[in-house]
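See structure below.
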Amino acid sequence: MQREGSAFSGLGVVMLKELSDHLTSVRMRVLEWLVVLVALAALYGAIQQIKDTTAEDPFLFLRLFTTSRDPLPSFVSFLSFLVPLMAIGLGFDAVNGEHNRRTLSRILSQPIYRDALLFGKFLAGLVTLSISLITLWLLVIGLGLLMIGIPPGAEEIARSFVFLLVTIVYAGVWLALALLFSVVFRSAATAALVTLGLWLLVTFIWPVLAGALAQIFVPPDPRYMALGLQTPGTVELEQILARFSPSTLYAEVVVALLDPTTRSLGPIYLSQLQGAVLGAPLPLGESVLIAWPQMVGMIATAILLFVIGYVIFQRQEVRA
Amino acid sequence: MSADAVIEATGLTKVYGATPAVDHISFSVGRGEIFGLLGPNGAGKTTTILMMLGLTEISEGEVRVLGFNPAREPLSVKRRVGYLPDTVGFYDNLTAADNLRYTARLIGFRSVEREKRIAAALEQVGLGEFADKRVGTFSRGMRQRLGLAEILMKGAQIAILDEPTSGLDPHATAELLGIIRGFKTEGVSVLLSSHLLERVQSVCDRVALFSSGRIALMGSVADLGREVLGGGYVVDIEADGVGLAERLALIPGVSGVEKTGIGKLRLHADRDVRPEAAAEVVAMQGRLKFLGVQEPSLEAIYTRYFEARSEEGTLERARHAA
């Protein structure tokens with residue numbers, strides 16, 4: 001039986017309220033400063049490095065994002081740390097916070113569905129993250145222009161724009177996860193810790209584990225080892241396992257987008273290299289195509305996590 | 001049941017796992033009536049309320065709120081019903097008016113109407129001057145009043161109040177009950193739940209006494225008193241006059257006269273004999289200082305009822321044991 005009315009009535013109201021809460025919160029202020037300062041540091045390092053080393057590079061501008069100078073990591077690797085932290089910081093107390101303030105049952109007794117509340121919160125978080133990431137992106141481009149003095153080409157702008165979109169999607173994955181745990185755990189501290197724990201596991205421990213597991217299930221072939229090569233089966237399994245982590249997916253997309261010479265994200269066989277001009281850049285469309293499965297994977301992960309949270313929230317008791 | 005019922009529950013049941021929290025209860029609330037769901041904590045009052053609002057699934061039975069089925073038409077129900085949850089919460093970082101503005105937007109009021117309604121509602125609960133103060137600074141009583149303001153602002157036809165007076169000091173309780181009486185004069189039906197029997201007995205037209213998921217007793221306080229306490233009115237008189245006790249005992253309907261102090265008498269009667277008693281005192285040219293009838297107390301009704309039940313239970317168990 002169809003339920004009465006629209007699931008989205010009240011969605012805009014919830015979203016605007018949450019958005020204004022986010023933008024005025026101390027938490028957001030701290031996160032923004034953290035992101036901006038860290039990005040500036042990374043950018044500074046990158047520009048020094050570029051000035052020192054690069055002679056001619058058709059994609060000089062994209063180097064801004066990926067070049068690192070010891071001891072600082074590159075802008076992109078900074079971002080891959082900070083985006084999940086920001087998203088988790090915005091989402092970990094979304095639903096259990098309402099529970100603990102005892103506002104949930106009062107809000108849900110208004111003529112809206114639970115859908116509007118949860119989706120409104122997700123959208124507000126995503127918009128907040130988008131605003132900060134777009135600001136950051138413009139900041140980097142502007143500073144890059146000033147400090148390098150060479151205007152970026154259309155291709156470079158397009159590539160970095162797609163990179164921005166992918167970063168927002170990546171933020172959405174972690175936001176959805178934080179929202180899910182904020183539904184599952186009644187205590188905000190528990191939700192924050194579990195989400196952060198999972199982030200650590202998926203980002204730092206899983207890639208190592210994936211390698212170990214691959215070696216267990218597909219032991220390396222001694223013949224390849226004798227030649228100093230990796231066994232294809234092992235490498236493939238390792239990659240499949242590693243790709244369960246959204247961090248891996250994000251890293252792969254970033255490589256494909258910001259390094260136009262990337263031709264594949266997996267192992268390449270010699271037969272595939274026949275006729276290829278090594279080191280020649282691919283057009284943007286081809287690069288996007290290479291990373292397309294990863295992008296779809298990230299979007300699907302975000303949707304899946306949100307839906308799980310949604311289903312649990314629908315079935316949850318509202319009483320405190 | 002009455003055609004004028006705004007809430008009608010029949011065989012309403014909620015089962016958590018295998019244990020029923022609410023067990024086949026039926027009741028109806030009339031238009032403009034203040035109906036009390038009373039009983040100890042965990043007796044199923046809040047669950048009943050959540051089922052009426054469509055906020056929790058109904059395991060069995062049916063409830064109609066203003067003719068709507070809350071499980072199927074929750075928005076229609078929630079648009080017309082105001083709910084004050086047990087220990088209501090507001091966004092502490094927002095002002096009282098902003099909190100109400102958020103709710104008003106969720107309901108969908110336009111901006112001009114919204115401001116008018118909010119100002120009027122805050123004024124009505126005595127929070128007019130606190131409209132632009134952060135709720136974080138509010139006392140418990142003020143929060144409860146803000147909750148009532150939200151219901152007023154909504155223009156609800158039914159107000160459902162869950163434990164509205166719990167945790168309030170006597171002064172705040174009196175204020176709150178005053179506002180709740182005000183609902184009645186505006187034609188709003190009120191359903192309130194409480195475990196504090198004596199506080200709410202004064203405002204309720206009818207009550208339902210809950211006990212472990214069932215309605216044990218239902219009716220007006222006076223009716224329940226007669227039913228459970230064995231009927232009879234107790235009239236206290238303070239007057240002087242020689243032979244007053246003997247004269248009063250002759251009033252038809254009086255079954256006994258008892259001396260409770262110097263010049264103080266207590267009459268036991270099967271009806272309200274205050275008019276006759278007053279006439280007697282005046283006829284004897286005595287001075288009447290006090291005349292009052294004891295309302296049956298819900299506390300007494302409740303205690304007596306469950307004492308009787310547990311005695312039956314004990315006998316039953318004893319019989320089984322034997």
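Starting from 1 in every chain, residues are counted up; chains themselves are A, B, ... following the order of the structure tokens, and ligands are numbered from 1 as listed.
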Next item on the list: Using only C-alpha atoms, determine which residues of chain A fall within 7 Å of chain B; present them as a PyMOL selection string.
Entry: chain A and resi 3-4+10+13+101-103+105-106+109-112+317
Restrict the selected residues to N, CA and C atoms and save them as a compact mmCIF listing (two decimals), in the first residue's frame.
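To be explicit, this is the file written out as selection.txt:
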```txt
# COMPACT_ATOMS: atom_id res chain seq x y z
N ARG A 3 2.11 4.85 0.84
CA ARG A 3 1.88 5.67 2.02
C ARG A 3 1.48 7.08 1.58
N GLU A 4 0.86 7.75 2.54
CA GLU A 4 0.26 9.05 2.24
C GLU A 4 1.33 10.14 2.12
N GLY A 10 9.25 18.61 3.98
CA GLY A 10 10.07 18.97 5.13
C GLY A 10 11.56 18.77 4.87
N VAL A 13 13.44 22.07 4.64
CA VAL A 13 13.50 22.74 5.94
C VAL A 13 14.58 22.11 6.82
N ARG A 101 19.46 14.84 22.79
CA ARG A 101 18.85 16.13 23.15
C ARG A 101 17.35 15.97 23.35
N ARG A 102 16.85 14.78 23.08
CA ARG A 102 15.44 14.45 23.20
C ARG A 102 14.57 15.28 22.27
N THR A 103 15.11 15.63 21.12
CA THR A 103 14.34 16.40 20.16
C THR A 103 13.74 15.51 19.10
N SER A 105 11.75 12.73 19.03
CA SER A 105 10.33 12.38 18.99
C SER A 105 9.48 13.62 18.75
N ARG A 106 9.97 14.76 19.22
CA ARG A 106 9.20 16.00 19.00
C ARG A 106 9.21 16.36 17.51
N SER A 109 7.09 14.01 15.46
CA SER A 109 5.65 14.12 15.64
C SER A 109 5.09 15.25 14.78
N GLN A 110 5.96 15.93 14.05
CA GLN A 110 5.49 16.92 13.08
C GLN A 110 5.16 16.16 11.78
N PRO A 111 4.35 16.79 10.92
CA PRO A 111 3.92 16.05 9.71
C PRO A 111 5.03 15.86 8.68
N ILE A 112 6.07 15.13 9.03
CA ILE A 112 7.12 14.74 8.08
C ILE A 112 7.42 13.26 8.30
N GLU A 317 13.09 2.47 17.38
CA GLU A 317 12.13 3.09 18.29
C GLU A 317 12.56 4.53 18.54
```
Check: What's the 7 Å shell around range 47-54 of chain A, counting only C-alpha atoms, without same-chain residues fewer than 3 positions away, as JSON, numbers by chain?
Finding: {"A": [43, 44, 57, 64, 69]}
Notebook entry, point to check: Which neighbours of Ile150 in chain A fall inside 9 Å, counting only C-alpha atoms, when residues of the same chain fewer than 3 positions from it are skipped, and could you give them as a PyMOL selection string?
Noted result: chain A and resi 60-61+144-147
Next item on the list: Could you give me, as a PyMOL selection string, each residue of range 62-272 of chain B that DSSP assigns to strand (DSSP E or B) when run on this structure's backbone?
Entry: chain B and resi 62-65+68+81-84+95+134+158-162+189-194+206-211+214-219+233-239+254-261+264-269
Note to self: At a cut-off of 12 Å, using only C-alpha atoms, what residues contact Leu224 in chain B? Leave out same-chain residues fewer than 5 positions from it and give the result as number ranges by chain.
What the structure shows: B: 201, 205-209, 216-219, 229-232, 295-302, 304-305
Limited to N, CA and C atoms, could you put the picked residues into a file as a PDB file, in the first residue's frame?
```pdb
ATOM      1  N   GLN B 201      -5.177  14.371  38.873  1.00  0.00           N
ATOM      2  CA  GLN B 201      -6.580  14.033  39.100  1.00  0.00           C
ATOM      3  C   GLN B 201      -7.455  15.271  39.013  1.00  0.00           C
ATOM      4  N   ASP B 205     -11.003  14.787  33.173  1.00  0.00           N
ATOM      5  CA  ASP B 205     -12.425  14.472  33.189  1.00  0.00           C
ATOM      6  C   ASP B 205     -12.614  12.979  33.421  1.00  0.00           C
ATOM      7  N   ARG B 206     -11.822  12.224  32.683  1.00  0.00           N
ATOM      8  CA  ARG B 206     -11.881  10.773  32.843  1.00  0.00           C
ATOM      9  C   ARG B 206     -10.461  10.248  32.876  1.00  0.00           C
ATOM     10  N   VAL B 207     -10.286   9.118  33.513  1.00  0.00           N
ATOM     11  CA  VAL B 207      -8.953   8.537  33.560  1.00  0.00           C
ATOM     12  C   VAL B 207      -9.028   7.061  33.212  1.00  0.00           C
ATOM     13  N   ALA B 208      -7.901   6.546  32.726  1.00  0.00           N
ATOM     14  CA  ALA B 208      -7.757   5.104  32.555  1.00  0.00           C
ATOM     15  C   ALA B 208      -6.547   4.715  33.382  1.00  0.00           C
ATOM     16  N   LEU B 209      -6.722   3.787  34.282  1.00  0.00           N
ATOM     17  CA  LEU B 209      -5.599   3.347  35.113  1.00  0.00           C
ATOM     18  C   LEU B 209      -4.943   2.153  34.449  1.00  0.00           C
ATOM     19  N   ALA B 216      -6.827  -1.158  33.772  1.00  0.00           N
ATOM     20  CA  ALA B 216      -7.449  -1.825  34.900  1.00  0.00           C
ATOM     21  C   ALA B 216      -8.796  -1.182  35.211  1.00  0.00           C
ATOM     22  N   LEU B 217      -8.836   0.116  35.179  1.00  0.00           N
ATOM     23  CA  LEU B 217     -10.044   0.853  35.548  1.00  0.00           C
ATOM     24  C   LEU B 217     -10.180   2.031  34.605  1.00  0.00           C
ATOM     25  N   MET B 218     -11.425   2.412  34.294  1.00  0.00           N
ATOM     26  CA  MET B 218     -11.610   3.582  33.453  1.00  0.00           C
ATOM     27  C   MET B 218     -12.899   4.277  33.849  1.00  0.00           C
ATOM     28  N   GLY B 219     -12.863   5.589  33.873  1.00  0.00           N
ATOM     29  CA  GLY B 219     -14.054   6.354  34.189  1.00  0.00           C
ATOM     30  C   GLY B 219     -13.665   7.651  34.853  1.00  0.00           C
ATOM     31  N   LEU B 229     -13.853   2.194  46.115  1.00  0.00           N
ATOM     32  CA  LEU B 229     -13.775   2.446  47.552  1.00  0.00           C
ATOM     33  C   LEU B 229     -15.090   2.096  48.243  1.00  0.00           C
ATOM     34  N   GLY B 230     -16.031   1.520  47.484  1.00  0.00           N
ATOM     35  CA  GLY B 230     -17.277   1.089  48.095  1.00  0.00           C
ATOM     36  C   GLY B 230     -18.264   2.217  48.229  1.00  0.00           C
ATOM     37  N   GLY B 231     -18.125   3.239  47.500  1.00  0.00           N
ATOM     38  CA  GLY B 231     -19.104   4.312  47.440  1.00  0.00           C
ATOM     39  C   GLY B 231     -19.139   5.109  48.718  1.00  0.00           C
ATOM     40  N   GLY B 232     -20.064   6.005  48.799  1.00  0.00           N
ATOM     41  CA  GLY B 232     -20.213   6.800  50.007  1.00  0.00           C
ATOM     42  C   GLY B 232     -19.459   8.099  49.932  1.00  0.00           C
ATOM     43  N   GLU B 295     -13.153  14.534  48.169  1.00  0.00           N
ATOM     44  CA  GLU B 295     -13.110  13.899  46.856  1.00  0.00           C
ATOM     45  C   GLU B 295     -12.398  12.567  47.032  1.00  0.00           C
ATOM     46  N   PRO B 296     -12.869  11.552  46.338  1.00  0.00           N
ATOM     47  CA  PRO B 296     -12.102  10.303  46.415  1.00  0.00           C
ATOM     48  C   PRO B 296     -10.746  10.525  45.746  1.00  0.00           C
ATOM     49  N   SER B 297      -9.702  10.064  46.364  1.00  0.00           N
ATOM     50  CA  SER B 297      -8.387  10.304  45.774  1.00  0.00           C
ATOM     51  C   SER B 297      -7.989   9.137  44.885  1.00  0.00           C
ATOM     52  N   LEU B 298      -7.403   9.486  43.741  1.00  0.00           N
ATOM     53  CA  LEU B 298      -6.979   8.461  42.800  1.00  0.00           C
ATOM     54  C   LEU B 298      -5.969   7.527  43.431  1.00  0.00           C
ATOM     55  N   GLU B 299      -5.132   8.144  44.260  1.00  0.00           N
ATOM     56  CA  GLU B 299      -4.106   7.367  44.951  1.00  0.00           C
ATOM     57  C   GLU B 299      -4.781   6.242  45.739  1.00  0.00           C
ATOM     58  N   ALA B 300      -5.830   6.643  46.495  1.00  0.00           N
ATOM     59  CA  ALA B 300      -6.523   5.661  47.322  1.00  0.00           C
ATOM     60  C   ALA B 300      -7.182   4.602  46.449  1.00  0.00           C
ATOM     61  N   ILE B 301      -7.804   5.085  45.343  1.00  0.00           N
ATOM     62  CA  ILE B 301      -8.477   4.143  44.449  1.00  0.00           C
ATOM     63  C   ILE B 301      -7.472   3.142  43.900  1.00  0.00           C
ATOM     64  N   TYR B 302      -6.355   3.673  43.457  1.00  0.00           N
ATOM     65  CA  TYR B 302      -5.339   2.848  42.825  1.00  0.00           C
ATOM     66  C   TYR B 302      -4.793   1.815  43.804  1.00  0.00           C
ATOM     67  N   ARG B 304      -6.078   0.805  46.644  1.00  0.00           N
ATOM     68  CA  ARG B 304      -7.083  -0.153  47.076  1.00  0.00           C
ATOM     69  C   ARG B 304      -7.315  -1.208  46.014  1.00  0.00           C
ATOM     70  N   TYR B 305      -7.412  -0.747  44.757  1.00  0.00           N
ATOM     71  CA  TYR B 305      -7.702  -1.672  43.666  1.00  0.00           C
ATOM     72  C   TYR B 305      -6.630  -2.734  43.566  1.00  0.00           C
TER      73      TYR B 305
END
```
Next item on the list: Within 9 Å of range 296-298 of chain A, counting only C-alpha atoms, which residues show up once you throw out same-chain ones fewer than 6 positions away? Write them as a VMD selection string, please.
Entry: chain A and resid 166 169 to 170 172 to 173 246 249 to 250
Include N, CA and C atoms and write out the residues we just selected as a PDB file, in the first residue's frame.
```pdb
ATOM      1  N   VAL A 166      35.024  14.073  -7.621  1.00  0.00           N
ATOM      2  CA  VAL A 166      35.307  12.758  -7.042  1.00  0.00           C
ATOM      3  C   VAL A 166      35.590  12.889  -5.545  1.00  0.00           C
ATOM      4  N   VAL A 169      32.377  13.098  -3.765  1.00  0.00           N
ATOM      5  CA  VAL A 169      31.760  11.769  -3.655  1.00  0.00           C
ATOM      6  C   VAL A 169      32.434  10.969  -2.540  1.00  0.00           C
ATOM      7  N   TYR A 170      33.758  11.059  -2.507  1.00  0.00           N
ATOM      8  CA  TYR A 170      34.516  10.349  -1.467  1.00  0.00           C
ATOM      9  C   TYR A 170      34.082  10.823  -0.081  1.00  0.00           C
ATOM     10  N   GLY A 172      31.208  11.952   0.567  1.00  0.00           N
ATOM     11  CA  GLY A 172      29.866  11.402   0.758  1.00  0.00           C
ATOM     12  C   GLY A 172      29.901  10.000   1.326  1.00  0.00           C
ATOM     13  N   VAL A 173      30.890   9.195   0.887  1.00  0.00           N
ATOM     14  CA  VAL A 173      31.007   7.831   1.414  1.00  0.00           C
ATOM     15  C   VAL A 173      31.191   7.866   2.928  1.00  0.00           C
ATOM     16  N   PRO A 246      37.230   2.091   0.252  1.00  0.00           N
ATOM     17  CA  PRO A 246      36.981   3.303  -0.534  1.00  0.00           C
ATOM     18  C   PRO A 246      38.234   4.173  -0.655  1.00  0.00           C
ATOM     19  N   LEU A 249      40.000   3.006  -3.703  1.00  0.00           N
ATOM     20  CA  LEU A 249      39.289   3.468  -4.894  1.00  0.00           C
ATOM     21  C   LEU A 249      39.612   4.930  -5.159  1.00  0.00           C
ATOM     22  N   TYR A 250      39.563   5.734  -4.101  1.00  0.00           N
ATOM     23  CA  TYR A 250      39.814   7.161  -4.255  1.00  0.00           C
ATOM     24  C   TYR A 250      41.237   7.395  -4.766  1.00  0.00           C
TER      25      TYR A 250
END
```
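Residues within 10 Å of range 183-196 of chain A, counting only C-alpha atoms and excluding same-chain residues fewer than 6 positions away, are Pro84, Leu85, Ile88, Gly89, Gly91, Phe92, Asp93, Ala94, Val95, Asn96, Gly97, Glu98, His99, Asn100, Leu118, Trp174, Leu175, Leu177, Val202, Ile308, Gly309, Tyr310, Val311, Ile312, Phe313, Gln314, Gln316 and Ala320 of chain A.
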Using the selection just defined, write its residues with C-alpha atoms as an mmCIF file, in the first residue's frame.
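Contents of the output file again32.cif:
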```
data_model
loop_
_atom_site.group_PDB
_atom_site.id
_atom_site.type_symbol
_atom_site.label_atom_id
_atom_site.label_comp_id
_atom_site.auth_asym_id
_atom_site.auth_seq_id
_atom_site.Cartn_x
_atom_site.Cartn_y
_atom_site.Cartn_z
ATOM 1 C CA PRO A 84 37.147 11.467 5.803
ATOM 2 C CA LEU A 85 37.911 13.255 9.064
ATOM 3 C CA ILE A 88 33.045 11.913 10.099
ATOM 4 C CA GLY A 89 33.262 15.085 12.171
ATOM 5 C CA GLY A 91 28.093 13.185 10.693
ATOM 6 C CA PHE A 92 28.963 11.180 13.777
ATOM 7 C CA ASP A 93 26.284 12.702 16.020
ATOM 8 C CA ALA A 94 23.619 13.446 13.423
ATOM 9 C CA VAL A 95 20.884 11.123 14.643
ATOM 10 C CA ASN A 96 22.016 10.072 18.116
ATOM 11 C CA GLY A 97 22.503 13.766 18.901
ATOM 12 C CA GLU A 98 18.787 14.305 18.310
ATOM 13 C CA HIS A 99 18.087 11.319 20.525
ATOM 14 C CA ASN A 100 20.270 12.602 23.322
ATOM 15 C CA LEU A 118 17.792 11.524 7.562
ATOM 16 C CA TRP A 174 32.409 8.729 4.820
ATOM 17 C CA LEU A 175 29.467 10.965 5.628
ATOM 18 C CA LEU A 177 29.157 5.803 7.096
ATOM 19 C CA VAL A 202 40.125 0.556 5.838
ATOM 20 C CA ILE A 308 21.490 0.596 5.402
ATOM 21 C CA GLY A 309 21.313 3.543 7.784
ATOM 22 C CA TYR A 310 17.912 4.474 6.389
ATOM 23 C CA VAL A 311 16.459 1.017 6.889
ATOM 24 C CA ILE A 312 17.755 0.802 10.466
ATOM 25 C CA PHE A 313 16.465 4.292 11.229
ATOM 26 C CA GLN A 314 12.994 3.452 9.888
ATOM 27 C CA GLN A 316 14.191 2.196 15.253
ATOM 28 C CA ALA A 320 14.421 7.827 24.603
#
```
